[in-house]
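Written below as structure tokens is the structure these notes are about.
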Amino acid sequence: MTLAELLRGGVHEVAPALVGWTLLVDGVGGRIVEVEAYAQDDPASHAFGGETVRNATMFGPPGHLYVYRSYGLHWCANVVCEQPGRAAGVLLRALEPTHGVDRMRARRGLTDVRLLCAGPGRLTQALALTGADDGADLSRPPFRLAPPATPAVVECTPRIGISRAAERPWRYVEAGSSFSSRRRRAA
DNA sequence: CAGTGGATGCTCT
DNA sequence: GAGCATCCACTGT
């Protein structure tokens, strides 16, 4: 499957299908193990109230990066999706580090690989993504999005850290991954 | 391990 | 002026 083929679907198809893909920025990154879908007519989405200066990228072409500042300190990155007539996106929440691990360690000031990209703010710090990357085209360098050899096994859970529409099960996690933002609960 | 609170800046009402 | 699509350090078990 190519990136263009992936992006042909709506956000609820793209989000689970994106799990298992490898995301690299300047040769640094890893396997996507956790994402969340933010849909049209979704009270939790930045695009819910219509287009503004901040969310303009979500109303642009699919396959671009929507980056915004979170809680004044962190950056969060989304893949813009095509929803019929409306803006939608997939929040990148966690990667399993595979490429440039030492560069990510240096950027994060950490040695534990499981914590390098385990959360949306951590992921952007490890990949050095900032507001300067808002609107960037993911199909062009320095970005690279490559599909997995075989599709990932994906679990579906409620989204994290939101107060509106929190019950919608639009968080997609690779089953059994130890690199997601929340450790698997003890059995 | 679980729970709490502070840092910090920008957007929208 | 409120409210965040968060993270980390710190507390008490």
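Ordered as shown in the structure tokens, chains take letters A, B, and onward, while each chain numbers its residues from 1 and ligands are numbered from 1 in the order shown.
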
Open item on the list: Residues of chain C were defined as contacting chain A if any atom lay at most 9 Å from it, counting only C-alpha atoms (C1' of nucleotides); please report them as number ranges by chain.
Closed with: C: 4-7

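Scanning stretch 15-64 of chain A with DSSP on the backbone, the strand (DSSP E) assignments fall on Thr22, Leu23, Leu24, Val25, Val28, Gly29, Gly30, Arg31, Ile32, Val33, Glu34, Val35, Glu36, Ala37 and Tyr38 of chain A.
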
Write out, as a CSV table (one decimal), in the first residue's frame, the residues just selected, with N, CA, C and O atoms.
chain,number,residue,atom,x,y,z
A,22,THR,N,6.1,3.0,9.3
A,22,THR,CA,7.3,3.6,9.8
A,22,THR,C,7.4,5.1,9.5
A,22,THR,O,7.3,5.4,8.3
A,23,LEU,N,7.6,6.0,10.4
A,23,LEU,CA,7.7,7.4,10.2
A,23,LEU,C,9.1,7.8,10.5
A,23,LEU,O,9.6,7.6,11.6
A,24,LEU,N,9.7,8.4,9.5
A,24,LEU,CA,11.1,9.0,9.7
A,24,LEU,C,11.1,10.5,9.4
A,24,LEU,O,10.5,10.9,8.4
A,25,VAL,N,11.8,11.2,10.2
A,25,VAL,CA,12.1,12.6,9.9
A,25,VAL,C,13.6,12.8,9.9
A,25,VAL,O,14.3,12.6,10.9
A,28,VAL,N,15.3,9.8,11.2
A,28,VAL,CA,15.2,9.4,12.7
A,28,VAL,C,13.7,9.2,12.9
A,28,VAL,O,12.8,9.9,12.5
A,29,GLY,N,13.4,8.1,13.6
A,29,GLY,CA,12.0,7.8,13.9
A,29,GLY,C,11.8,6.3,14.3
A,29,GLY,O,12.6,5.6,14.8
A,30,GLY,N,10.6,5.8,13.9
A,30,GLY,CA,10.3,4.4,14.2
A,30,GLY,C,8.9,4.0,13.7
A,30,GLY,O,8.3,4.7,12.9
A,31,ARG,N,8.4,2.9,14.3
A,31,ARG,CA,7.2,2.3,13.9
A,31,ARG,C,6.0,2.9,14.7
A,31,ARG,O,6.1,3.0,15.9
A,32,ILE,N,5.0,3.3,14.0
A,32,ILE,CA,3.8,4.0,14.7
A,32,ILE,C,3.1,2.9,15.4
A,32,ILE,O,2.6,1.9,14.8
A,33,VAL,N,2.9,3.0,16.8
A,33,VAL,CA,2.2,2.0,17.6
A,33,VAL,C,1.0,2.6,18.2
A,33,VAL,O,0.2,1.8,18.8
A,34,GLU,N,0.8,3.9,18.2
A,34,GLU,CA,-0.4,4.4,18.8
A,34,GLU,C,-0.8,5.7,18.2
A,34,GLU,O,0.0,6.6,18.0
A,35,VAL,N,-2.1,5.8,17.8
A,35,VAL,CA,-2.7,7.1,17.2
A,35,VAL,C,-4.1,7.3,17.7
A,35,VAL,O,-4.7,6.4,18.4
A,36,GLU,N,-4.6,8.5,17.5
A,36,GLU,CA,-6.0,8.8,17.8
A,36,GLU,C,-6.6,9.5,16.6
A,36,GLU,O,-6.0,10.3,16.0
A,37,ALA,N,-7.9,9.2,16.3
A,37,ALA,CA,-8.7,9.8,15.3
A,37,ALA,C,-9.4,11.0,15.8
A,37,ALA,O,-10.1,10.9,16.8
A,38,TYR,N,-9.4,12.1,15.1
A,38,TYR,CA,-10.2,13.3,15.4
A,38,TYR,C,-11.0,13.6,14.1
A,38,TYR,O,-10.4,14.0,13.1

Task: Residue list for chain B near chain A as a PyMOL selection string, 9 Å, only C-alpha atoms (C1' of nucleotides) - done: chain B and resi 7-11

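When the distance limit is 9 Å and only C-alpha atoms (C1' of nucleotides) are what count, the residues near stretch 136-147 of chain A, minus those fewer than 3 positions from it on the same chain, are Met1, Thr2, Leu3, Ala4, Leu18, Gly20, Trp21, Thr22, Leu23, Leu24, Val25, Asp26, Gly27, Pro62, Gly63, His64, Leu65, Tyr66, Val79, Ala132, Asp133, Thr150 and Pro151 of chain A.
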
Open item on the list: Which of chain A end up as alpha helix (DSSP H) when DSSP is run on this backbone - answer as a list in words?
Closed with: Leu3, Ala4, Glu5, Leu6, Val11, His12, Glu13, Val14, Ala15, Pro16, Ala17, Leu18, Val101, Asp102, Arg103, Met104, Arg105, Ala106, Arg107, Arg108, Pro120, Gly121, Arg122, Leu123, Thr124, Gln125, Ala126 and Leu127 of chain A

Go ahead and write the selection's residues with N, CA, C and O atoms as a tab-separated table (two decimals), in the first residue's frame.
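Once everything was written out, this is selection-v1.tsv:
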chain	number	residue	atom	x	y	z
A	3	LEU	N	1.38	5.59	0.31
A	3	LEU	CA	0.83	6.66	1.14
A	3	LEU	C	-0.41	7.26	0.49
A	3	LEU	O	-1.41	7.54	1.16
A	4	ALA	N	-0.36	7.45	-0.81
A	4	ALA	CA	-1.52	8.03	-1.51
A	4	ALA	C	-2.74	7.13	-1.37
A	4	ALA	O	-3.86	7.62	-1.17
A	5	GLU	N	-2.53	5.82	-1.47
A	5	GLU	CA	-3.66	4.88	-1.32
A	5	GLU	C	-4.21	4.92	0.10
A	5	GLU	O	-5.42	4.92	0.31
A	6	LEU	N	-3.30	4.98	1.07
A	6	LEU	CA	-3.72	5.04	2.47
A	6	LEU	C	-4.61	6.25	2.71
A	6	LEU	O	-5.66	6.17	3.35
A	11	VAL	N	-10.94	9.30	8.00
A	11	VAL	CA	-10.07	9.26	9.17
A	11	VAL	C	-10.21	7.96	9.95
A	11	VAL	O	-9.25	7.47	10.54
A	12	HIS	N	-11.41	7.36	9.94
A	12	HIS	CA	-11.60	6.13	10.70
A	12	HIS	C	-11.02	4.91	10.00
A	12	HIS	O	-10.86	3.85	10.60
A	13	GLU	N	-10.69	5.05	8.72
A	13	GLU	CA	-9.94	4.00	8.03
A	13	GLU	C	-8.45	4.27	8.13
A	13	GLU	O	-7.66	3.35	8.35
A	14	VAL	N	-8.06	5.53	7.97
A	14	VAL	CA	-6.64	5.87	7.97
A	14	VAL	C	-6.02	5.62	9.34
A	14	VAL	O	-4.93	5.05	9.43
A	15	ALA	N	-6.70	6.01	10.42
A	15	ALA	CA	-6.09	5.92	11.76
A	15	ALA	C	-5.65	4.49	12.09
A	15	ALA	O	-4.47	4.28	12.41
A	16	PRO	N	-6.55	3.49	12.04
A	16	PRO	CA	-6.07	2.13	12.36
A	16	PRO	C	-5.08	1.61	11.33
A	16	PRO	O	-4.17	0.86	11.68
A	17	ALA	N	-5.24	2.01	10.07
A	17	ALA	CA	-4.34	1.51	9.02
A	17	ALA	C	-2.93	2.07	9.16
A	17	ALA	O	-1.97	1.49	8.67
A	18	LEU	N	-2.82	3.23	9.82
A	18	LEU	CA	-1.52	3.88	9.96
A	18	LEU	C	-0.64	3.19	11.01
A	18	LEU	O	0.59	3.33	10.99
A	101	VAL	N	18.21	6.10	17.14
A	101	VAL	CA	17.87	6.04	18.57
A	101	VAL	C	18.77	6.95	19.40
A	101	VAL	O	18.30	7.62	20.33
A	102	ASP	N	20.04	7.01	19.05
A	102	ASP	CA	20.95	7.86	19.84
A	102	ASP	C	20.63	9.34	19.69
A	102	ASP	O	20.74	10.11	20.65
A	103	ARG	N	20.21	9.73	18.48
A	103	ARG	CA	19.82	11.15	18.31
A	103	ARG	C	18.57	11.45	19.12
A	103	ARG	O	18.44	12.53	19.71
A	104	MET	N	17.64	10.50	19.17
A	104	MET	CA	16.43	10.72	19.98
A	104	MET	C	16.76	10.75	21.46
A	104	MET	O	16.21	11.55	22.21
A	105	ARG	N	17.67	9.89	21.89
A	105	ARG	CA	18.10	9.90	23.29
A	105	ARG	C	18.68	11.27	23.66
A	105	ARG	O	18.40	11.81	24.72
A	106	ALA	N	19.51	11.81	22.76
A	106	ALA	CA	20.14	13.10	23.04
A	106	ALA	C	19.08	14.20	23.13
A	106	ALA	O	19.12	15.04	24.02
A	107	ARG	N	18.11	14.18	22.21
A	107	ARG	CA	17.08	15.22	22.22
A	107	ARG	C	16.20	15.13	23.46
A	107	ARG	O	15.73	16.14	23.98
A	108	ARG	N	15.96	13.91	23.94
A	108	ARG	CA	15.07	13.71	25.07
A	108	ARG	C	15.81	13.71	26.40
A	108	ARG	O	15.17	13.81	27.45
A	120	PRO	N	2.45	11.96	22.79
A	120	PRO	CA	2.51	12.90	21.67
A	120	PRO	C	3.56	13.98	21.84
A	120	PRO	O	4.25	14.34	20.87
A	121	GLY	N	3.74	14.50	23.06
A	121	GLY	CA	4.74	15.53	23.29
A	121	GLY	C	6.15	14.95	23.23
A	121	GLY	O	7.09	15.60	22.74
A	122	ARG	N	6.32	13.74	23.73
A	122	ARG	CA	7.63	13.09	23.71
A	122	ARG	C	8.03	12.76	22.28
A	122	ARG	O	9.19	12.92	21.89
A	123	LEU	N	7.06	12.29	21.50
A	123	LEU	CA	7.32	11.92	20.11
A	123	LEU	C	7.83	13.11	19.31
A	123	LEU	O	8.83	13.02	18.59
A	124	THR	N	7.18	14.26	19.45
A	124	THR	CA	7.62	15.43	18.68
A	124	THR	C	8.99	15.90	19.14
A	124	THR	O	9.81	16.33	18.33
A	125	GLN	N	9.27	15.78	20.44
A	125	GLN	CA	10.60	16.17	20.93
A	125	GLN	C	11.68	15.25	20.36
A	125	GLN	O	12.74	15.71	19.93
A	126	ALA	N	11.39	13.94	20.32
A	126	ALA	CA	12.38	12.98	19.82
A	126	ALA	C	12.64	13.17	18.33
A	126	ALA	O	13.76	12.97	17.85
A	127	LEU	N	11.61	13.57	17.57
A	127	LEU	CA	11.76	13.77	16.13
A	127	LEU	C	12.10	15.21	15.79
A	127	LEU	O	12.24	15.54	14.62

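A straight line drawn from atom CA of A:Trp170 to atom CA of A:Gly100 is 29.7 Å long.
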
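For the pair atom CA of A:Cys81 and atom CA of A:Gly131, the separation is 18.8 Å.
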
Task: Shell of 12 Å around B:DA2, only C-alpha atoms (C1' of nucleotides), local chain residues under 6 positions omitted, as JSON, numbers by chain - done: {"C": [11, 12, 13]}
